[in-house]
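One structure is given below, encoded as structure tokens.
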Amino acid sequence: GLQQGLRQGLQQGVQQGLQQGVQQGLRQGIRQGICEAVEALLSLRFGDEGVKTVMPMISHIQDCDRLRAVKNAIKTVKDISELKAIIGN
């Protein structure tokens, strides 16, 4: 009765905790990968100055979709100030 209920509750709690940990780890890994791509694109497009100027702004963005939008914008913006304006929004 009670022992079985406690065991089942504990099992569910552990399972849920593991699942949340895996999901959080995946999100962090995806975010890190996008950030590395952004840094590489900045370096190619704008050199070290672009990396030094923009990466600190990027490090505060947690949303992967927003990071992808920034990554895609790097390819089309005219200059760093245009990119900063996009990041700022």
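How things are named: the first chain in the structure tokens is A, the next is B, and so on; residues count from 1 in each chain; ligands count from 1 in the order shown.
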| What lies within 9 Å of Phe46 (chain A) using only C-alpha atoms, ignoring chain neighbours under 4 positions off, as a list in words? | Leu41, Leu42, Gly50, Val51, Asp79 and Ile80 of chain A
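Nearest to Met55 (chain A) of all the residues A:Lys78, A:Arg7, A:Lys84, A:Arg27 is A:Lys84, counting only C-alpha atoms.
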